Amino acid sequence: MPTRVLVPSGVLGLGFDRKALDRGVAARPDIICIDGGSTDSGPFSLGAGQSKYSRAATKSEWRALMQARAQAGVPLVIGTAGTCGTDSTVDWMHDITVELARELGQDLRIARLYSSQPVSRVAQAVAQGRVTPLSPAPDLRLDDLTNIVALAGAEQIQAALATGADIVIAGRTTDTATIAALPLLRGDAAGGVWHGAKIAECGALCSTNPTSGVILVDFDGTGFTVEPLAEGARCTPHSVSAHMLYENSDPFRLFEPGGYLDVTGAHYSALDDRRVRVQGSAWVPGPYTVKLEGARIAGYQTTILAILRDAHYARNAQAWVDRLTGFLQAEIHSRMELSPGDYGLEFRLIGVNGALGALENRSGDPVEVGVLGLITAKTQAEAAEIGKLINPFVLHYPLTDDEELPTFAFPYSPATTDRGALYEFALNHVMALEDPMSAFRIEVTEIRAKVPA
Amino acid sequence: MIPTSLGDLVLKVRSKNAGPFWVTIDVFCDRRDVFDRLVSALSTDRVAALYQVAPDQLKRFDIPDLRVIKFSLPRPVVQGSAHDRDMHGAQYAALLEEMTL
């Protein structure tokens with residue numbers, strides 16, 4: 001059965017064109033799907049179990065989508081709620097939803113799909129040989145992870161929809177799962193479904209007007225048709241097919257729970273100047289595995305920033321930090337009894353090779369150099385203590401013994417900043433499941449917000 | 001003759017994380033003749049050396065339909081780890097863009 005999916009934007013929190021959303025609702029979609037996150041902004045969100053987007057931006061956009069849902073009378077689904085999709089961010093999103101339901105006077109059935117994994121479940125899967133590393137995978141160590149999530153696929157979203165929910169708030173899912181769930185359930189061609197879901201998951205990024213957000217995808221028995229809804233936005237065979245390159249290490253294959261999408265045989269054609277039809281993509285079934293993501297605390301950081309504007313120091317910045325580092329290691333050892341292996345101390349030269357480090361192959365004559373000192377220690381107190389210890393030397397240390405003490409520019413006071421925990425990604429593995437729901441759970445809540453007549 | 005950099009010939013060079021453990025770099029050519037020329041002129045070994053990875057770690061896709069050459073490599077440092085300098089991996093593109101041919 002043909003299925004029409006409305007995707008308001010690539011992610012909740014980045015904004016979308018409200019008029020285009022109205023056009024989408026008027027087009028009578030069968031479901032509204034939006035993504036709530038990914039790993040792209042780094043390990044902090046997953047490590048801490050917090051959203052990276054502001055509550056205010058999230059609530060304002062979610063309000064518009066909840067109104068659109070009420071108007072359209074179809075389910076609204078968010079995947080990877082709260083950036084990382086841990087149980088804590090699913091509940092954060094649920095709180096916002098309940099608050100909005102009261103403000104809007106909406107009666108709702110809400111299904112929460114939880115993706116967080118207890119360590120014991122993953123450890124048991126490891127013991128049973130059901131956890132396999134992808135390449136490259138960090139060493140498997142589960143004891144100190146702050147959060148583990150599994151990426152749900154279409155099956156878990158289908159189970160959440162089967163509760164009759166008006167709104168599904170899903171924890172970590174694949175980018176495509178929320179969009180693929182309903183068309184697959186209704187028997188649309190699996191190759192076209194997964195391919196169309198991948199094309200639509202970033203909203204209008206597959207069109208000529210990437211920031212406009214809103215996209216409509218029609219799935220059916222032979223493929224899919226994609227159409228951007230913003231005024232003047234167009235999809236072309238090139239803009240649509242080029243989207244398979246985006247954030248994908250392999251532009252022809254996309255692995256999902258239960259198989260992979262192969263777009264080698266896909267054919268893209270323009271239906272008119274704004275809509276593109278795609279056929280010929282294949283779904284190749286395989287073992288049912290879900291990808292795991294995890295994060296741990298790798299230490300606590302304090303930073304310091306100094307600017308070298310004196311031409312002599314700007315020119316010799318690398319020699320200066322090399323000499324400074326040796327001196328500081330000895331100071332830290334004599335005053336705190338810490339060896340270089342007990343903590344991390346790194347100076348990055350902004351204006352020299354700040355972004356690329358050892359890969360940088362260009363050099364110039366910078367007007368000034370920013371020296372960013374990163375201290376990583378076992379506790380925040382220790383990192384802060386090292387920061388205070390090195391502070392006067394970062395300010396005054398000379399390049400050679402026989403020159404006047406310099407004084408560099410500190411842009412603020414205090415010169416050191418405590419950053420809190422440094423998280424790192426700790427898993428690049430998949431876990432095999434016999435029953436897709438065995439690593440996920442669903443909770444349903446009923447909200448009665450309408451004032452009785 | 002002034003050496004030509006890759007960026008002078010193509011429409012755009014873009015890099016981005018493909019998950020926390022990979023970075024992917026797309027070279028977009030606006031013209032088919034440029035694409036055809038680059039497919040033979042761009043040495044996979046040289047690109048691997050540029051990013052300091054073993055050549056067998058570098059995946060390469062020449063895609064004539066899109067006039068795109070795509071490279072994917074394991075990130076030199078895992079995204080967000082203590083020594084990572086570029087959380088989104090978007091500045092890696094500069095190295096390939098500035099490579100002389």
# chains A, B, ... in the order shown; residues from 1 in each chain; ligands from 1

call {"tool": "interface_residues", "arguments": {"of": "chain B", "to": "chain A", "cutoff": "8 Å", "atoms": "only C-alpha atoms", "output": "mmCIF file with N, CA and C atoms, in the first residue's frame"}}
result
data_model
loop_
_atom_site.group_PDB
_atom_site.id
_atom_site.type_symbol
_atom_site.label_atom_id
_atom_site.label_comp_id
_atom_site.auth_asym_id
_atom_site.auth_seq_id
_atom_site.Cartn_x
_atom_site.Cartn_y
_atom_site.Cartn_z
ATOM 1 N N LYS B 16 33.678 14.777 6.244
ATOM 2 C CA LYS B 16 32.740 14.698 7.370
ATOM 3 C C LYS B 16 32.936 13.344 8.043
ATOM 4 N N ASN B 17 32.636 13.296 9.339
ATOM 5 C CA ASN B 17 32.622 11.989 10.006
ATOM 6 C C ASN B 17 31.634 11.069 9.318
ATOM 7 N N ALA B 18 31.964 9.773 9.282
ATOM 8 C CA ALA B 18 30.962 8.756 8.953
ATOM 9 C C ALA B 18 30.921 7.865 10.195
ATOM 10 N N GLY B 19 30.245 8.345 11.214
ATOM 11 C CA GLY B 19 30.304 7.707 12.531
ATOM 12 C C GLY B 19 31.585 8.133 13.242
ATOM 13 N N PRO B 20 31.735 7.759 14.526
ATOM 14 C CA PRO B 20 32.866 8.243 15.316
ATOM 15 C C PRO B 20 34.219 7.677 14.894
ATOM 16 N N PHE B 21 34.216 6.607 14.083
ATOM 17 C CA PHE B 21 35.475 5.917 13.809
ATOM 18 C C PHE B 21 35.986 6.097 12.387
ATOM 19 N N TRP B 22 35.190 6.739 11.533
ATOM 20 C CA TRP B 22 35.576 6.932 10.135
ATOM 21 C C TRP B 22 35.402 8.381 9.735
ATOM 22 N N VAL B 23 36.213 8.779 8.750
ATOM 23 C CA VAL B 23 35.991 10.072 8.116
ATOM 24 C C VAL B 23 35.897 9.813 6.618
ATOM 25 N N THR B 24 35.032 10.571 5.947
ATOM 26 C CA THR B 24 34.850 10.352 4.510
ATOM 27 C C THR B 24 35.015 11.678 3.779
ATOM 28 N N ASP B 26 34.681 13.653 0.048
ATOM 29 C CA ASP B 26 34.060 13.613 -1.282
ATOM 30 C C ASP B 26 34.649 14.701 -2.165
ATOM 31 N N LEU B 50 49.024 11.365 2.453
ATOM 32 C CA LEU B 50 48.570 12.682 2.908
ATOM 33 C C LEU B 50 47.890 12.574 4.276
ATOM 34 N N TYR B 51 47.105 11.513 4.453
ATOM 35 C CA TYR B 51 46.367 11.323 5.709
ATOM 36 C C TYR B 51 47.073 10.343 6.654
ATOM 37 N N GLN B 52 48.285 9.938 6.263
ATOM 38 C CA GLN B 52 49.114 9.053 7.096
ATOM 39 C C GLN B 52 48.385 7.772 7.491
ATOM 40 N N LEU B 66 27.925 10.529 -10.639
ATOM 41 C CA LEU B 66 27.906 11.754 -9.832
ATOM 42 C C LEU B 66 29.117 12.641 -10.104
ATOM 43 N N LYS B 70 35.323 9.440 -4.027
ATOM 44 C CA LYS B 70 35.100 9.415 -2.577
ATOM 45 C C LYS B 70 36.180 8.591 -1.899
ATOM 46 N N PHE B 71 36.732 9.109 -0.813
ATOM 47 C CA PHE B 71 37.694 8.360 -0.007
ATOM 48 C C PHE B 71 37.136 8.219 1.409
ATOM 49 N N SER B 72 37.285 7.036 1.999
ATOM 50 C CA SER B 72 36.916 6.853 3.399
ATOM 51 C C SER B 72 38.092 6.215 4.117
ATOM 52 N N LEU B 73 38.376 6.702 5.312
ATOM 53 C CA LEU B 73 39.494 6.147 6.080
ATOM 54 C C LEU B 73 39.147 6.112 7.562
ATOM 55 N N PRO B 74 39.748 5.158 8.283
ATOM 56 C CA PRO B 74 39.568 5.178 9.735
ATOM 57 C C PRO B 74 40.125 6.502 10.260
ATOM 58 N N VAL B 78 40.102 8.839 17.157
ATOM 59 C CA VAL B 78 38.661 8.632 17.295
ATOM 60 C C VAL B 78 37.992 9.958 17.670
ATOM 61 N N GLN B 79 36.827 10.191 17.073
ATOM 62 C CA GLN B 79 36.085 11.428 17.313
ATOM 63 C C GLN B 79 35.910 11.699 18.809
ATOM 64 N N GLY B 80 36.321 12.889 19.246
ATOM 65 C CA GLY B 80 36.078 13.302 20.620
ATOM 66 C C GLY B 80 37.043 12.749 21.652
ATOM 67 N N SER B 81 37.992 11.898 21.229
ATOM 68 C CA SER B 81 38.959 11.377 22.198
ATOM 69 C C SER B 81 39.956 12.488 22.532
ATOM 70 N N ALA B 82 40.792 12.244 23.542
ATOM 71 C CA ALA B 82 41.623 13.323 24.113
ATOM 72 C C ALA B 82 42.442 14.064 23.067
ATOM 73 N N ARG B 85 41.232 16.874 17.317
ATOM 74 C CA ARG B 85 41.278 18.324 17.124
ATOM 75 C C ARG B 85 40.100 18.834 16.312
ATOM 76 N N ASP B 86 39.325 17.943 15.726
ATOM 77 C CA ASP B 86 38.275 18.379 14.798
ATOM 78 C C ASP B 86 37.084 17.436 14.952
ATOM 79 N N MET B 87 36.164 17.821 15.840
ATOM 80 C CA MET B 87 35.057 16.948 16.246
ATOM 81 C C MET B 87 34.229 16.419 15.069
ATOM 82 N N HIS B 88 34.037 17.247 14.041
ATOM 83 C CA HIS B 88 33.174 16.833 12.927
ATOM 84 C C HIS B 88 33.961 16.345 11.725
ATOM 85 N N GLN B 91 37.466 19.569 8.547
ATOM 86 C CA GLN B 91 38.661 20.276 8.069
ATOM 87 C C GLN B 91 39.662 19.354 7.384
ATOM 88 N N TYR B 92 39.468 18.052 7.481
ATOM 89 C CA TYR B 92 40.368 17.114 6.792
ATOM 90 C C TYR B 92 40.381 17.381 5.288
ATOM 91 N N LEU B 95 43.343 19.304 3.276
ATOM 92 C CA LEU B 95 44.592 18.664 2.822
ATOM 93 C C LEU B 95 44.471 18.179 1.380
#

call {"tool": "select_by_dssp", "arguments": {"residues": "chain B", "states": "alpha helix (DSSP H)", "output": "ChimeraX atom specification"}}
result
/B:6-9,32-41,44-50,93-97

call {"tool": "closest_atom_pairs", "arguments": {"of": "range 102-172 of chain A", "to": "range 441-444 of chain A", "cutoff": "6 Å", "atoms": "only C-alpha atoms", "output": "Markdown table"}}
result
| residue | atom | partner | partner_atom | distance |
| --- | --- | --- | --- | --- |
| A:Ile110 | CA | A:Val444 | CA | 5.6 |
| A:Ala111 | CA | A:Val444 | CA | 4.4 |
| A:Arg112 | CA | A:Glu443 | CA | 5.1 |
| A:Leu113 | CA | A:Ile442 | CA | 4.6 |
| A:Tyr114 | CA | A:Arg441 | CA | 5.3 |

call {"tool": "residues_around", "arguments": {"residues": "Met99 in chain B", "least_positions_apart": "6", "cutoff": "8 Å", "atoms": "only C-alpha atoms", "output": "number ranges by chain"}}
result
B: 5-7

call {"tool": "closest_residue", "arguments": {"among": "A:Thr445, A:Ser45, A:Gln50, A:Thr302", "to": "Ser88 in chain A", "atoms": "only C-alpha atoms"}}
result
A:Gln50

call {"tool": "atom_distance", "arguments": {"atom1": "CA of Gly73 in chain A", "atom2": "CA of Leu104 in chain A"}}
result
15.0 Å

call {"tool": "closest_residue", "arguments": {"among": "B:Gly89, B:Pro3, B:Pro64, B:Pro55", "to": "Cys29 in chain B", "atoms": "only C-alpha atoms"}}
result
B:Pro64

call {"tool": "atom_distance", "arguments": {"atom1": "CA of Arg75 in chain B", "atom2": "CA of Val430 in chain A"}}
result
19.3 Å
